[in-house]
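*Asks:* Here it is, the structure, as structure tokens.
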Amino acid sequence: MLIPRLDISGLVLIEAPPGAGKTTLVSQWSAARPERSGVWVGASRTESRARFWGVLHLLLTAREPVDPVGAFSREGLIRWLGPLGEQTIVIRDAHRITDPEILEDIVRVVRACANIRFIVFGRDLGALLARADGAGIERELLTRDDLLLGADETAGYFRLLGHPDPDRAASADGARLDGTFGTLHAVAHGNPAHPLTTPSGGLLNGGDTVFDWYLDRVRADLITDTSFARFLALGLPDEIPADLISAVTEGDAAATAQISGLLNVGVFGPDARDADAAGRYPLVLGPRLRARMVTELREAHPTQHAAAARRIIRWKMRNGYPAEALARAVAIGDLDLATEVVWRNFGPLMSRHGSVVARSLRRIPLGEIRRFPMLCMTLALVYNSSGLTRLRGTEYFGLALAAVRDRLVTAPVHERALLLSMQSVANRVIGRFGPAVAAAKLAEDAITALPLDARETLGPVLPVLGAHLAITLHYAGSSVHALEILGAALAATDSAIPEDRVHVLALIAGISAARGDFSKTREALDRLDQIGPLVAQNRLYLTTLEATARATLALEAGEPDRAVAFLETYREELETSEHWPAALSILTLADLMRGMRVGAITRLDSRLNDERRPPIHPLVRSRLTILRADLELFGGDLARADRLAAQLISSDPETVLYRARRELAAGQVRDCAVRVSELTLDALTPRWQVLSKLLLAAATVDDDDPRLSLDALEGALAILAETGVTLALLAVPHERLVRLEARARVEGRLALAEALNARLSVLPNVWESAPEHVHLTTRERLVLRHLAHGLTAPEIARALTVSPNTVKTQSRSVYRKLGVSTRGDAIMRAARLGLIGDPTP
């Protein structure tokens, strides 16, 4: 009576618990509709959108697999499903589908393609039902109550099996008939009127009679215990792609041939074909029979069980199922194999399966996992990706470091390179930057010295090692070296593992953007766009520096709002990533360009003082402090800028350039020119090259001979045109740039003047907030004038007939209003503002 209801609408939902008869009903429907074409699939617990539609694509079209990137957009689904003719897609165990995108796809396909019907059944279909109702789709819903069998139906079923009294059969079995098909089936087959016989002539009684009979028949067909054990091993994986069958059975054709009776996935109707003939799409065993097979294999053939499990793990490890391989390796207690799974699939595991990795590795006792540094490191990185569990991450990094030290002495050459790299990563993430850089250099030397066979053994993890070594060196100030390592890592990436390629390209883009090498940045981003987006649970190691690179390009193009939008997409990842300083610098400059200097100061101060953030290298902190001091320079508060800059790393070229522009802001043009001239231009990044030439040009603009100034300006604009490092112009006092433009016009270098004017016209003047009008009292002006003539405090006191303490108080007030901290700075600042004449040399 229910079968016709399955034909009513384009979406049929059957929501009922196990044993209610869902599978039986749909099987009877498909048998009663031989004219209908369709497919029957079972949902997986880890169903991804691309995999789900990829399997359906193969079943429905029998074509070669398609590239999932972009192929299964909603528009793409409608394009290839629409012309297929009448098709019914049956999805069993649909409660396992947790990806909301798949559920939304189903609703959209039903709505757009009148020729496609879905019959979906499982325990809880509330999410799909809500989407269908929200879209106004006509659907048919069957529940547990619809599937309950009445007394007449129950009696008829038992009469077919030779039982005249259903209640008596149930009481004999110790059960109670509750109207569900599962109970009915169990009672009926537990009390057969005509007992089934085994191939050897014995009777089957007790247990699950039908399954026992089937397994006994297979045992007789296969003859040898080895073949039967290989057949039982087919029950080990939740899903068996066709080419895994041979891996499990090791080519035992007789054992493989038995699989035809086990499938619950395939094609039905006029287009039906042998599901495993093409050898391309998954074959799924029924869960009850699989459990029965696995139990017998484990209990009767433990050696074959362990061997088959390891074969499956290695197959899954190499064929795109790393999370399943890791979980199974941990389940059987083979932590050496689990370590191999991790290092061969580190990128996919971290990007797609972070939560699976954490669940799997947490099952390992602490005493065991501390002996396996790769597993400790992986778990630490998973924890470290979340600010809420950073303390646990630090704990596991410590375990990893201890495990590395224990194994370094006896490790083979390829493992030594791996362990040194891990030592560098762990030290860097927990804030021990000196040991991190030292270990990174040792690891690089170890990788370079690897013989060919050892390098091939380490091959799958080389891109990951290179990426983390590059991060360590970049934040220690060796960005050129970091890019060289990343170039080698990119060449070592496997095209079948896009996560590794994405990771390396994102780092190349981010580091190149930080240097101001925007041609290399754009090249890396273009290659990332060709790969396409990845579905990632943990995007931390894939996309944060890519986001900062795109934001940097937007900022250099004069689009601060677009730059902020790029970072907002990955805000949560950036807040807990060790790359947070790169994002913070961009957000601060964006605030500055939008006229929000005070907001930029607040943002920087709050982030720099937040101890919950991942630790950063002293060099990185120094450069953030320079940015903070710049904000005070732009506001004209030289004294506060000096206090902030007191602890800067003096050997850093960024510090030298900061001190040069500070002296320029204070009017000390000669000191600025001398500082810039001492820098080795070839050793600077493109960003610093532009800034150094601009500072030299601005410092010498008033010289009698203008050639040095204008030639430096021309060199700066040439590098700027080649690289696009426009924001370097913000760091030079605006009025100096205006004077440069005017000097170029006076000297007849009109093209140079126009080029500078074109750059300035699209950039805000961040120096406008400097207090150009400083109000001094009459007494303060007198004190300032005497200071400019070189008088001491007692001498000024005698001249003004006041006490020396009064002079000191008024001097401090003058310094505060001028935003300086020394007499020399006060004189230069006052002269620049016109409060006194030219200062005495």
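Scheme for the structure tokens: letters A, B, ... for chains in order shown; per-chain residue numbers from 1; ligand numbers from 1 in order shown.
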Write out as an MDAnalysis selection string all residues of range 282-379 of chain A that DSSP puts in alpha helix (DSSP H) for this structure's backbone.

*Replies:* chainID A and resid 287:300 302:318 322:331 335:344 346:352 354:362 366:369 373:379

*Asks:* As a ChimeraX atom specification, please: the residues near Ile332 in chain A (cut-off 10 Å, only C-alpha atoms, same-chain neighbours under 4 positions excluded).

*Replies:* /A:306,309-310,327-328,337-338

*Asks:* Keeping only all heavy atoms, write the selected residues to a file as a PDB file, in the first residue's frame.

*Replies:*
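out-v7.pdb written:
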ATOM      1  N   ALA A 306      44.884  -8.501  11.059  1.00  0.00           N
ATOM      2  CA  ALA A 306      45.869  -7.428  11.216  1.00  0.00           C
ATOM      3  C   ALA A 306      46.514  -7.081   9.882  1.00  0.00           C
ATOM      4  O   ALA A 306      46.701  -5.902   9.554  1.00  0.00           O
ATOM      5  CB  ALA A 306      46.925  -7.853  12.234  1.00  0.00           C
ATOM      6  N   ALA A 309      44.039  -5.202   7.672  1.00  0.00           N
ATOM      7  CA  ALA A 309      43.834  -3.844   8.165  1.00  0.00           C
ATOM      8  C   ALA A 309      44.981  -2.936   7.746  1.00  0.00           C
ATOM      9  O   ALA A 309      44.770  -1.792   7.326  1.00  0.00           O
ATOM     10  CB  ALA A 309      43.700  -3.863   9.686  1.00  0.00           C
ATOM     11  N   ARG A 310      46.218  -3.441   7.832  1.00  0.00           N
ATOM     12  CA  ARG A 310      47.371  -2.619   7.431  1.00  0.00           C
ATOM     13  C   ARG A 310      47.387  -2.373   5.921  1.00  0.00           C
ATOM     14  O   ARG A 310      47.771  -1.291   5.468  1.00  0.00           O
ATOM     15  CB  ARG A 310      48.669  -3.282   7.894  1.00  0.00           C
ATOM     16  CG  ARG A 310      48.874  -3.187   9.394  1.00  0.00           C
ATOM     17  CD  ARG A 310      50.128  -3.903   9.867  1.00  0.00           C
ATOM     18  NE  ARG A 310      50.350  -3.663  11.280  1.00  0.00           N
ATOM     19  CZ  ARG A 310      49.753  -4.327  12.258  1.00  0.00           C
ATOM     20  NH1 ARG A 310      48.893  -5.295  11.969  1.00  0.00           N
ATOM     21  NH2 ARG A 310      49.987  -4.045  13.521  1.00  0.00           N
ATOM     22  N   ALA A 327      42.581   7.123  11.486  1.00  0.00           N
ATOM     23  CA  ALA A 327      41.686   6.598  12.518  1.00  0.00           C
ATOM     24  C   ALA A 327      41.848   5.088  12.652  1.00  0.00           C
ATOM     25  O   ALA A 327      41.868   4.544  13.768  1.00  0.00           O
ATOM     26  CB  ALA A 327      40.239   6.954  12.196  1.00  0.00           C
ATOM     27  N   ARG A 328      41.974   4.385  11.524  1.00  0.00           N
ATOM     28  CA  ARG A 328      42.102   2.928  11.583  1.00  0.00           C
ATOM     29  C   ARG A 328      43.465   2.521  12.152  1.00  0.00           C
ATOM     30  O   ARG A 328      43.569   1.556  12.925  1.00  0.00           O
ATOM     31  CB  ARG A 328      41.913   2.340  10.184  1.00  0.00           C
ATOM     32  CG  ARG A 328      41.749   0.833  10.190  1.00  0.00           C
ATOM     33  CD  ARG A 328      41.395   0.323   8.807  1.00  0.00           C
ATOM     34  NE  ARG A 328      40.066   0.730   8.399  1.00  0.00           N
ATOM     35  CZ  ARG A 328      38.949   0.108   8.756  1.00  0.00           C
ATOM     36  NH1 ARG A 328      39.015  -0.939   9.552  1.00  0.00           N
ATOM     37  NH2 ARG A 328      37.779   0.518   8.326  1.00  0.00           N
ATOM     38  N   LEU A 337      52.677   3.153  11.901  1.00  0.00           N
ATOM     39  CA  LEU A 337      51.923   3.336  10.666  1.00  0.00           C
ATOM     40  C   LEU A 337      51.121   4.632  10.717  1.00  0.00           C
ATOM     41  O   LEU A 337      51.004   5.338   9.718  1.00  0.00           O
ATOM     42  CB  LEU A 337      50.990   2.140  10.450  1.00  0.00           C
ATOM     43  CG  LEU A 337      50.253   2.071   9.111  1.00  0.00           C
ATOM     44  CD1 LEU A 337      51.207   2.194   7.935  1.00  0.00           C
ATOM     45  CD2 LEU A 337      49.457   0.772   9.013  1.00  0.00           C
ATOM     46  N   ALA A 338      50.583   4.980  11.886  1.00  0.00           N
ATOM     47  CA  ALA A 338      49.870   6.250  12.030  1.00  0.00           C
ATOM     48  C   ALA A 338      50.800   7.425  11.737  1.00  0.00           C
ATOM     49  O   ALA A 338      50.411   8.409  11.094  1.00  0.00           O
ATOM     50  CB  ALA A 338      49.294   6.377  13.439  1.00  0.00           C
TER      51      ALA A 338
END

*Asks:* Which residues are close to Ala254 in chain A, i.e. within 9 Å by only C-alpha atoms, leaving aside same-chain residues fewer than 5 positions away? Reply as an MDAnalysis selection string.

*Replies:* chainID A and resid 221:222 227 231

*Asks:* Need the shell around range 566-568 of chain A: protein/DNA/RNA residues with any atom at most 10 Å away, counting only C-alpha atoms. Skip same-chain ones fewer than 6 positions apart. Format as a PyMOL selection string?

*Replies:* chain A and resi 544-552+554+574+583-584+586-587

*Asks:* Report as a list in words all protein, DNA and RNA residues lying within 10 Å of Glu484 in chain A, evaluated on only C-alpha atoms, omitting residues in the same chain fewer than 3 positions from it.

*Replies:*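 Once the nearby chain positions are removed, what remains is Gly466, Ala470, Ser479, Val480, His481, Gly487, Ala488, Ala489 and Ile508 of chain A.
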
*Asks:* Measure the distance from CA of Gly179 in chain A to CA of Arg292 in chain A in Å and round it to one decimal.

*Replies:*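 Distance reported for this atom pair: 25.5 Å.
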
*Asks:* With distances taken over only C-alpha atoms, which of A:His474, A:Lys520, A:Arg108, A:Lys316 is nearest to Leu81 in chain A?

*Replies:* A:Arg108

*Asks:* Figure out the distance between CA of Ala50 in chain A and CA of Ala247 in chain A, please, to one decimal in Å.

*Replies:* 24.7 Å

*Asks:* How far is it from CA of Ala439 in chain A to CA of Pro365 in chain A, in Å with one decimal?

*Replies:*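 A separation of 28.5 Å between them.
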
*Asks:* Within 7 Å of Leu442 in chain A, counting only C-alpha atoms, which residues show up once you throw out same-chain ones fewer than 4 positions away? Write them as a list in words, please.

*Replies:*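 In the requested format, the answer is Leu420, Ala438 and Ala446 of chain A.
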